[in-house]
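A.B. asks: First, the structure itself, so that you have it in front of you.
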Protein chains: 2
Amino acid sequence: MISSSQSKLIRSLQKKKYRQEKRLFPVEGEKLVGELLQADPAGRFHIRELFAAPEWIAAHPSLQLHRNARITEASPADFRKISSQVSPQPVLALVSIPEEEFRMEELLQKPVLAFESIRDPGNLGTILRTADWFGIGQVVCSPDSTDLYNPKVVQSTMGAIFRVRVSYLDLEELLKRREMRDRSVAGTFLEGDNLYETTLDPDSFILFGNESHGLSKRLTHLIGKRISIPSFSGQDPGPESLNVAASVAVVCSELRRRTTGATQSEN
Amino acid sequence: MISSSQSKLIRSLQKKKYRQEKRLFPVEGEKLVGELLQADPAGRFHIRELFAAPEWIAAHPSLQLHRNARITEASPADFRKISSQVSPQPVLALVSIPEEEFRMEELLQKPVLAFESIRDPGNLGTILRTADWFGIGQVVCSPDSTDLYNPKVVQSTMGAIFRVRVSYLDLEELLKRREMRDRSVAGTFLEGDNLYETTLDPDSFILFGNESHGLSKRLTHLIGKRISIPSFSGQDPGPESLNVAASVAVVCSELRRRTTGATQSEN
């Protein structure tokens, strides 16, 4: 049974302020908690509290690896009290927000996706899921971006949050660092080199702008390469822009397609 | 000023039942109403009622083209009463849902995107926006899919709803029609031909499955070509799938990239 103080704690974690104070975030549902138990090879995420139906607990012996987790049996009525979802799930975990030190060297190799002022939690979650699918392990967000541990972000990552590393950093400062000087830095713009025709370093550091305003002037002059996803609309006036998560999918796909080295079958 | 019966009508249109009864849907905000005024060359969408700040009305003389529109001046306080948005906008239109006859010939040429049981309004809206960007003018949804005129769908299309034609049709019946026999029909699956390596008719009819269950058995045996977006995750266990709107972005991008006929710059 979930006590009223536990249920108050869980509900408070919908808010960033309380997540930061308690250094905890909720992970809800069989799919996501299952991913956490399976998919966290580096052991970055620790379950502190877990509320679950007795059958769920019995079916997940790997829970024992989370030694400090306090496990509480909970009923469907308990879950209706605490769930943020339309259909309450049989399991909810409170997980420690990892205290991570920033490691510059991780941003210097391999492709990195970076986001300025990304606002929509569903967009950020979908982006992490896409990065994960295309094997891009590092994401950077400007500090004013939506919080990674917002339950809507966590939910829409479908587990990618446990595999992709996300750092919140001042992007201008980062781009000006000496270590970044030799880095291929690209940004997505409405006007730029045609993505399909331009060369693109497979290990690029690629920036995406805010949903409404794109990349700011503070950053554009620090970006070596401007790329653009061409529109094929042919209408005038046509669409103004692509959704940022759709742009990320297109850019990641194009980056990886090229590195497969396969001979492309053109139509 | 917005009367209480008008404000009751507007709020009722959040529900599909009332939208269907009244054959009206709300279009909210400067961006979307602006797109409607500019971007509906075929004149499919008629404004019935429009509520706006006097300055907005003065700045939009093209409103006069919507002759049957009843225009009401509205104040910020009015908009706070009726808005579904966090920041109320200075304009809201009630627009007739077009009575469209189904035209089979439109589905026989050019690429078509088709969706089985798509549920998330944000996904459907983003998909229409992506289709619009890539110049794909025809979308088909199975009848149990989310409603096109749901305000969340309308909002997330960013105006694409006025340019992309969406039909709700039984997909099994459609695929079995004689006219479809010579059509290149492809479907996206977790297991299929590698998208980057396979041939793909540029005018394909391409099916995408439900967010959780993919394409159903009812349809799979009617699909000539199974395509798959390969994962580059390299982790085990890795991600299970891509978000459907991200998959659409990748497939549309790849379809159009090939038809540009540009010599690709490989890394």
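Ordering of the structure tokens sets the chain letters (A, B, ...), residue numbers begin anew at 1 in every chain, and ligands are numbered from 1 in the order given.
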Sorted by chain and rising residue number, which residues of chain B lie within 8 Å of chain A, and what are their closest atom pairs and distances in Å to one decimal, counting only C-alpha atoms, as JSON lines?
C.D. replies:
{"residue": "B:Gln38", "atom": "CA", "partner": "A:Pro237", "partner_atom": "CA", "distance": 7.1}
{"residue": "B:Ala39", "atom": "CA", "partner": "A:Pro237", "partner_atom": "CA", "distance": 6.2}
{"residue": "B:Thr126", "atom": "CA", "partner": "A:Asn243", "partner_atom": "CA", "distance": 6.7}
{"residue": "B:Arg129", "atom": "CA", "partner": "A:Leu242", "partner_atom": "CA", "distance": 6.7}
{"residue": "B:Thr130", "atom": "CA", "partner": "A:Leu242", "partner_atom": "CA", "distance": 6.2}
{"residue": "B:Asp132", "atom": "CA", "partner": "A:Ser233", "partner_atom": "CA", "distance": 6.0}
{"residue": "B:Trp133", "atom": "CA", "partner": "A:Ser231", "partner_atom": "CA", "distance": 5.1}
{"residue": "B:Phe134", "atom": "CA", "partner": "A:Phe232", "partner_atom": "CA", "distance": 4.5}
{"residue": "B:Gly135", "atom": "CA", "partner": "A:Ser233", "partner_atom": "CA", "distance": 3.7}
{"residue": "B:Ile136", "atom": "CA", "partner": "A:Ser233", "partner_atom": "CA", "distance": 7.4}
{"residue": "B:Gly159", "atom": "CA", "partner": "A:Pro239", "partner_atom": "CA", "distance": 7.4}
{"residue": "B:Ala160", "atom": "CA", "partner": "A:Pro239", "partner_atom": "CA", "distance": 6.8}
{"residue": "B:Tyr196", "atom": "CA", "partner": "A:Arg257", "partner_atom": "CA", "distance": 6.3}
{"residue": "B:Glu197", "atom": "CA", "partner": "A:Gln264", "partner_atom": "CA", "distance": 5.3}
{"residue": "B:Thr198", "atom": "CA", "partner": "A:Ser265", "partner_atom": "CA", "distance": 6.0}
{"residue": "B:Thr199", "atom": "CA", "partner": "A:Ser265", "partner_atom": "CA", "distance": 5.6}
{"residue": "B:Leu200", "atom": "CA", "partner": "A:Asn267", "partner_atom": "CA", "distance": 6.5}
{"residue": "B:Asp201", "atom": "CA", "partner": "A:Asn267", "partner_atom": "CA", "distance": 6.7}
{"residue": "B:Pro202", "atom": "CA", "partner": "A:Asn267", "partner_atom": "CA", "distance": 7.1}
{"residue": "B:Ser231", "atom": "CA", "partner": "A:Trp133", "partner_atom": "CA", "distance": 5.1}
{"residue": "B:Phe232", "atom": "CA", "partner": "A:Phe134", "partner_atom": "CA", "distance": 4.5}
{"residue": "B:Ser233", "atom": "CA", "partner": "A:Gly135", "partner_atom": "CA", "distance": 3.8}
{"residue": "B:Gly234", "atom": "CA", "partner": "A:Gly135", "partner_atom": "CA", "distance": 6.7}
{"residue": "B:Asp236", "atom": "CA", "partner": "A:Ala39", "partner_atom": "CA", "distance": 7.8}
{"residue": "B:Pro237", "atom": "CA", "partner": "A:Ala39", "partner_atom": "CA", "distance": 6.3}
{"residue": "B:Gly238", "atom": "CA", "partner": "A:Ala39", "partner_atom": "CA", "distance": 7.4}
{"residue": "B:Pro239", "atom": "CA", "partner": "A:Trp133", "partner_atom": "CA", "distance": 6.0}
{"residue": "B:Ser241", "atom": "CA", "partner": "A:Trp133", "partner_atom": "CA", "distance": 7.3}
{"residue": "B:Leu242", "atom": "CA", "partner": "A:Thr130", "partner_atom": "CA", "distance": 6.2}
{"residue": "B:Asn243", "atom": "CA", "partner": "A:Thr126", "partner_atom": "CA", "distance": 6.7}
{"residue": "B:Ala245", "atom": "CA", "partner": "A:Ala246", "partner_atom": "CA", "distance": 7.1}
{"residue": "B:Ala246", "atom": "CA", "partner": "A:Ala249", "partner_atom": "CA", "distance": 5.5}
{"residue": "B:Ser247", "atom": "CA", "partner": "A:Ala249", "partner_atom": "CA", "distance": 7.6}
{"residue": "B:Ala249", "atom": "CA", "partner": "A:Ala246", "partner_atom": "CA", "distance": 5.5}
{"residue": "B:Val250", "atom": "CA", "partner": "A:Val250", "partner_atom": "CA", "distance": 5.2}
{"residue": "B:Ser253", "atom": "CA", "partner": "A:Val250", "partner_atom": "CA", "distance": 6.3}
{"residue": "B:Arg256", "atom": "CA", "partner": "A:Phe232", "partner_atom": "CA", "distance": 7.6}
{"residue": "B:Arg257", "atom": "CA", "partner": "A:Tyr196", "partner_atom": "CA", "distance": 6.3}
{"residue": "B:Arg258", "atom": "CA", "partner": "A:Glu266", "partner_atom": "CA", "distance": 5.9}
{"residue": "B:Thr259", "atom": "CA", "partner": "A:Asn267", "partner_atom": "CA", "distance": 7.2}
{"residue": "B:Ala262", "atom": "CA", "partner": "A:Glu197", "partner_atom": "CA", "distance": 6.7}
{"residue": "B:Thr263", "atom": "CA", "partner": "A:Glu197", "partner_atom": "CA", "distance": 6.9}
{"residue": "B:Gln264", "atom": "CA", "partner": "A:Glu197", "partner_atom": "CA", "distance": 5.3}
{"residue": "B:Ser265", "atom": "CA", "partner": "A:Thr199", "partner_atom": "CA", "distance": 5.5}
{"residue": "B:Glu266", "atom": "CA", "partner": "A:Arg258", "partner_atom": "CA", "distance": 5.9}
{"residue": "B:Asn267", "atom": "CA", "partner": "A:Thr199", "partner_atom": "CA", "distance": 6.1}
A.B. asks: As a PyMOL selection string, list the residues of range 56-227 of chain B assigned to strand (DSSP E) by DSSP on the backbone atoms of this structure.
C.D. replies: chain B and resi 70-73+91-96+112-115+138-141+165-168+185-194+205-208+225-227
A.B. asks: Quick one: residues within 10 Å of Val185 in chain A, only C-alpha atoms counted, chain neighbours fewer than 3 positions away excluded, as an NGL selection string?
C.D. replies: :A and (111-112 or 175 or 180-182 or 200-201 or 203-207 or 222-226)
A.B. asks: Using only C-alpha atoms, which of A:Val166, A:Leu219, A:Ala52, A:Leu174 sits nearest Glu100 in chain A?
C.D. replies: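 For Glu100 in chain A, the nearest of the given residues is A:Val166.
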A.B. asks: Quick check, in Å to one decimal: how far apart do CA of Leu50 in chain A and CA of Asp147 in chain A lie?
C.D. replies: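 Separation of CA of Leu50 in chain A and CA of Asp147 in chain A: 22.4 Å.
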A.B. asks: Using only C-alpha atoms, pick whichever of A:Val139, A:Leu190, A:Leu36, A:Leu169 has the shortest atom-to-atom distance to Lys110 in chain A.
C.D. replies: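 When distances to Lys110 in chain A are compared using only C-alpha atoms, the smallest one comes from A:Val139.
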A.B. asks: Excluding Arg119 in chain A and any residue of its chain fewer than 4 positions from it, enumerate the residues within 8 Å of it, using only C-alpha atoms, and give them as a PyMOL selection string.
C.D. replies: chain A and resi 123-124+145-146+210-211
